[in-house]
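Enquirer: Let me give you the structure first, and then I'll get to my questions.
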Amino acid sequence: MSTLSLAARDSNTMLRRNLLHARRYPSLTLNLLLTPIMLLLLFVYIFGDVMSAGIGGADRAAYIAYIVPGILMTTIGSTVIGAAVSVASVRWRSTAAP
């Protein structure tokens with residue numbers, strides 16, 4: 001088998017395992033969905049007036065267009081870190097077992 005097909009097979013296996021894990025622990029899925037929503041509500045409605053003054057006193061729509069990419073990148077980054085830790089812990093457990 002080529003390296004690409006092995007990588008695709010391993011990725012498929014990890015995706016299946018993570019989806020089964022997410023099905024057993026719905027709090028992980030809720031956390032993934034609620035975190036960006038809560039951050040958006042926090043930065044728009046609580047800090048919105050003060051923070052939007054820093055971008056020239058723009059209206060709310062311009063501020064939302066400014067803040068959403070940052071919130072999405074933060075969410076993606078934290079998800080990738082969680083997946084990396086999961087893969088590393090599985091890898092560590094498989095090599096540490098006698």
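Ligands are numbered from 1 in the order shown, residues from 1 within each chain, and chains are lettered A, B, ... in the order they appear in the structure tokens.
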Please return, as a count of residues only, all residues of chain A that DSSP assigns to alpha helix (DSSP H) on the basis of the backbone.
Expert: 80
Enquirer: Contacts of Leu28 (chain A) at 12 Å or less, counting only C-alpha atoms, minus same-chain residues fewer than 6 places along, as a VMD selection string?
Expert: chain A and resid 18 to 22 34 to 35 79 82 to 83
Enquirer: Kindly indicate which residue among A:Pro69, A:Leu15, A:Leu6, A:Met1 lies nearest to Ser86 (chain A), using only C-alpha atoms for the distances.
Expert: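 Under the stated criterion, the closest residue is A:Leu15.
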Enquirer: From the set A:Val44, A:Ser89, A:Ser11, A:Ser78, which residue has the shortest atom-to-atom contact distance to Ala62 (chain A), counting only C-alpha atoms?
Expert: A:Val44
Enquirer: Give me the residues near Ile64 (chain A) as an MDAnalysis selection string, where near means some atom within 12 Å (using only C-alpha atoms) and where sequence neighbours in that chain fewer than 3 positions away do not count.
Expert: chainID A and resid 39:45 47:49 51:52 55 58:61 67:72
Enquirer: Rounded to one decimal, what separation in Å do you get between CA of Val50 (chain A) and CA of Tyr66 (chain A)?
Expert: 14.0 Å
Enquirer: Restricting the calculation to only C-alpha atoms: of A:Leu32, A:Met14, A:Ala8, A:Met38, which residue gets closest to Thr75 (chain A)?
Expert: A:Leu32
Enquirer: Rounded to one decimal, what separation in Å do you get between CA of Gly77 (chain A) and CA of Pro36 (chain A)?
Expert: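 Interatomic distance, CA of Gly77 (chain A) to CA of Pro36 (chain A): 11.8 Å.
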